[in-house]
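J.: Here you go, one structure.
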Amino acid sequence: MNIKGYISLTVFTFITTFLYAQSAVTTHRFNFAEPILEGAIVDDRDGTLYRTIKIGEKIWFAENLRYDSPNSLCYKKKKKNCKDLGRLYPMSDLPMACPAGWRVPTLNDWEDLRDHLGPDKTYGLLDPQGWSAYKSHTNSLGLSLQGVGYQEKKNFVGKGNAVTLWLNGFNRYGDPYHVHIYGGNGVYFKKTDLQTNEVFHAHPIEDPINFRYSVRCVCENSK
């Protein structure tokens with residue numbers, strides 16, 4: 001075999017092997033909604049790959065859910081924002097939001113998460129990317145929260161400055177819990193003279209279909 005034939009055969013073998021390997025990985029990834037490699041899962045409902053992070057005894061999505069549930073929307077209804085920021089979900093879609101074996105975080109899940117923050121406090125949750133102000137952000141837990149914004153009433157607000165996450169819980173009046181997280185120096189409330197990066201609360205939602213927030217799914221470490 002001359003040198004040209006040898007090079008051609010080598011290139012053909014490399015390409016064939018590469019394509020076979022890629023096919024095998026793709027087939028494996030897109031058939032299971034369970035951990036397929038350390039730090040990732042695939043949602044078998046739509047084939048979306050998500051990074052995950054182990055924090056204490058729980059495994060969390062390290063990026064926002066993008067599953068297209070019936071009433072979810074992209075920020076400002078722009079498709080590109082769903083890809084970059086994740087989808088925004090009304091309360092009614094939460095029971096169907098997360099893949100099998102995963103759930104919307106409970107109040108206890110959120111408190112467990114905060115117990116691991118240490119001196120970084122809320123800054124340990126915040127990615128340096130995706131915020132208008134990010135000087136103090138450390139992302140020490142690897143949750144990588146970005147300022148993706150949210151919808152309240154008919155307005156889309158907060159992109160670059162805030163993210164709001166649903167929690168699976170209600171106060172004694174039946175109002176749903178959620179947490180607003182602000183980047184940079186946080187937000188200032190003049191009435192109470194409070195400067196904070198986190199507002200964890202529940203309040204009445206009179207127009208629930210137009211209050212859409214992000215979702216981070218969680219599961220037990222034994223999964």
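Residue names in the structure tokens use chain letters A, B, ... in the order shown, residue numbers from 1 in each chain, and ligand numbers from 1 in the order shown.
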Write down as a ChimeraX atom specification the residues of segment 88-135 of chain A whose backbone DSSP state falls under helix (DSSP H, G or I).

T.: /A:91-96,107-115,118-125

J.: Measuring atom to atom with only C-alpha atoms, identify which of A:Leu107, A:Asp44, A:Ala97, A:Val157 is nearest to Leu65 of chain A.

T.: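 Residue with the minimum atom-to-atom distance to Leu65 of chain A: A:Ala97.
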
J.: Which residues come within 9 Å of Arg51 of chain A, counting only C-alpha atoms, excluding same-chain residues fewer than 3 positions away, as a ChimeraX atom specification?

T.: /A:39-42,60-63

J.: Could you write out the selected residues, including C-alpha atoms, as a compact mmCIF listing (two decimals), in the first residue's frame?

T.:
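Okay, part30.txt is ready:
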```
# COMPACT_ATOMS: atom_id res chain seq x y z
CA GLY A 39 -22.60 15.71 37.17
CA ALA A 40 -25.28 15.27 34.47
CA ILE A 41 -28.70 13.78 33.72
CA VAL A 42 -30.89 13.60 30.63
CA TRP A 60 -29.50 19.69 42.37
CA PHE A 61 -29.86 20.84 38.80
CA ALA A 62 -26.98 23.26 38.17
CA GLU A 63 -29.03 25.06 35.53
```

J.: Residues at most 12 Å from Lys154 of chain A, counting only C-alpha atoms, excluding those fewer than 6 positions away in the same chain, as a list in words?

T.: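 Selected residues are Leu73, Tyr75, Lys76, Lys77, Asp207, Pro208, Ile209, Asn210, Phe211 and Arg212 of chain A.
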
J.: Store the residues of this selection in a file with all heavy atoms, as a short mmCIF file (atom, residue, chain, number, x, y, z; two decimals), in the first residue's frame.

T.:
```
data_model
loop_
_atom_site.label_atom_id
_atom_site.label_comp_id
_atom_site.auth_asym_id
_atom_site.auth_seq_id
_atom_site.Cartn_x
_atom_site.Cartn_y
_atom_site.Cartn_z
N LEU A 73 -43.33 29.63 29.74
CA LEU A 73 -42.97 30.61 28.71
C LEU A 73 -41.47 30.90 28.73
O LEU A 73 -40.80 30.66 29.74
CB LEU A 73 -43.70 31.94 28.94
CG LEU A 73 -45.21 32.00 28.68
CD1 LEU A 73 -45.71 33.40 29.04
CD2 LEU A 73 -45.55 31.67 27.24
N TYR A 75 -38.64 33.95 28.69
CA TYR A 75 -38.59 35.35 29.11
C TYR A 75 -38.89 36.26 27.92
O TYR A 75 -38.31 36.13 26.85
CB TYR A 75 -37.20 35.67 29.69
CG TYR A 75 -37.07 37.03 30.30
CD1 TYR A 75 -37.44 37.25 31.62
CD2 TYR A 75 -36.56 38.10 29.57
CE1 TYR A 75 -37.33 38.51 32.20
CE2 TYR A 75 -36.43 39.36 30.14
CZ TYR A 75 -36.82 39.56 31.46
OH TYR A 75 -36.69 40.81 32.03
N LYS A 76 -39.87 37.13 28.10
CA LYS A 76 -40.35 38.04 27.06
C LYS A 76 -40.84 37.29 25.82
O LYS A 76 -40.91 37.85 24.72
CB LYS A 76 -39.31 39.09 26.69
CG LYS A 76 -39.07 40.09 27.82
CD LYS A 76 -38.27 41.29 27.36
CE LYS A 76 -38.21 42.32 28.49
NZ LYS A 76 -37.43 43.53 28.10
N LYS A 77 -41.14 36.00 26.01
CA LYS A 77 -41.71 35.15 24.94
C LYS A 77 -40.77 35.01 23.74
O LYS A 77 -41.23 34.80 22.60
CB LYS A 77 -43.07 35.68 24.50
CG LYS A 77 -44.09 35.72 25.64
CD LYS A 77 -45.45 36.22 25.18
CE LYS A 77 -46.43 36.27 26.35
NZ LYS A 77 -47.77 36.75 25.95
N ASP A 207 -53.40 36.38 40.22
CA ASP A 207 -53.41 36.04 38.79
C ASP A 207 -52.34 34.97 38.54
O ASP A 207 -51.32 35.24 37.91
CB ASP A 207 -53.14 37.30 37.97
CG ASP A 207 -53.24 37.06 36.47
OD1 ASP A 207 -53.85 36.05 36.07
OD2 ASP A 207 -52.71 37.89 35.70
N PRO A 208 -52.54 33.74 39.05
CA PRO A 208 -51.45 32.75 39.09
C PRO A 208 -50.86 32.37 37.75
O PRO A 208 -49.68 32.03 37.68
CB PRO A 208 -52.10 31.54 39.78
CG PRO A 208 -53.56 31.74 39.64
CD PRO A 208 -53.79 33.22 39.62
N ILE A 209 -51.61 32.45 36.67
CA ILE A 209 -51.07 32.06 35.37
C ILE A 209 -50.02 33.06 34.89
O ILE A 209 -49.17 32.73 34.06
CB ILE A 209 -52.19 31.91 34.32
CG1 ILE A 209 -51.68 31.14 33.08
CG2 ILE A 209 -52.76 33.25 33.93
CD1 ILE A 209 -51.25 29.73 33.36
N ASN A 210 -50.05 34.27 35.41
CA ASN A 210 -49.09 35.29 34.99
C ASN A 210 -48.03 35.60 36.04
O ASN A 210 -47.42 36.67 36.01
CB ASN A 210 -49.83 36.58 34.58
CG ASN A 210 -50.47 36.46 33.21
OD1 ASN A 210 -49.88 35.90 32.29
ND2 ASN A 210 -51.69 36.94 33.09
N PHE A 211 -47.82 34.66 36.94
CA PHE A 211 -46.66 34.71 37.83
C PHE A 211 -45.82 33.49 37.49
O PHE A 211 -46.14 32.37 37.90
CB PHE A 211 -47.09 34.67 39.30
CG PHE A 211 -47.54 36.00 39.83
CD1 PHE A 211 -48.74 36.57 39.40
CD2 PHE A 211 -46.78 36.70 40.76
CE1 PHE A 211 -49.17 37.80 39.88
CE2 PHE A 211 -47.20 37.93 41.24
CZ PHE A 211 -48.39 38.48 40.81
N ARG A 212 -44.78 33.70 36.74
CA ARG A 212 -43.97 32.59 36.27
C ARG A 212 -42.53 32.76 36.76
O ARG A 212 -41.92 33.80 36.54
CB ARG A 212 -44.00 32.49 34.74
CG ARG A 212 -45.35 32.06 34.17
CD ARG A 212 -45.29 31.99 32.65
NE ARG A 212 -46.49 31.39 32.07
CZ ARG A 212 -47.57 32.09 31.71
NH1 ARG A 212 -47.59 33.41 31.87
NH2 ARG A 212 -48.62 31.49 31.18
#
```

J.: Which residue, A:Pro119, A:Pro176, A:Gly130, A:Gly142, has the smallest gap to Ser92 of chain A when you use only C-alpha atoms?

T.: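 For Ser92 of chain A, the nearest of the given residues is A:Pro176.
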
J.: Using only C-alpha atoms, can you tell me which of A:Tyr188, A:Phe156, A:Tyr123, A:Tyr213 comes closest to Leu143 of chain A?

T.: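 When distances to Leu143 of chain A are compared using only C-alpha atoms, the smallest one comes from A:Tyr123.
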
J.: Which residue is closest to Glu111 of chain A? Choose from A:Lys58, A:Ser132, A:Thr196, A:Thr164 and count only C-alpha atoms.

T.: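 Smallest distance to Glu111 of chain A is found for A:Lys58.
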
J.: In terms of the shortest atom-to-atom distance over only C-alpha atoms, which of A:Gly124, A:Gly118, A:Gly169, A:Gly147 is closest to Ser214 of chain A?

T.: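 The closest residue to Ser214 of chain A is A:Gly147.
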
J.: Work out how far atom CA of Asn108 of chain A is from atom CA of Thr138 of chain A, in Å to one decimal.

T.: 23.4 Å

J.: For a quick check of understanding, using only C-alpha atoms, which of A:Glu206, A:Asp46, A:Asp127, A:Glu220 has the smallest distance to Ser140 of chain A?

T.: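 That would be A:Asp127, the residue with the smallest distance to Ser140 of chain A.
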
J.: Using only C-alpha atoms, determine which residues lie at most 6 Å from Ile59 of chain A, disregarding the query and same-chain residues fewer than 6 positions distant; provide the list as a ChimeraX atom specification.

T.: /A:53,218-219,221

J.: Please, what distance in Å, to one decimal, runs between atom CA of Lys54 of chain A and atom CA of His137 of chain A?

T.: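 Taking atom CA of Lys54 of chain A and atom CA of His137 of chain A, their separation equals 19.5 Å.
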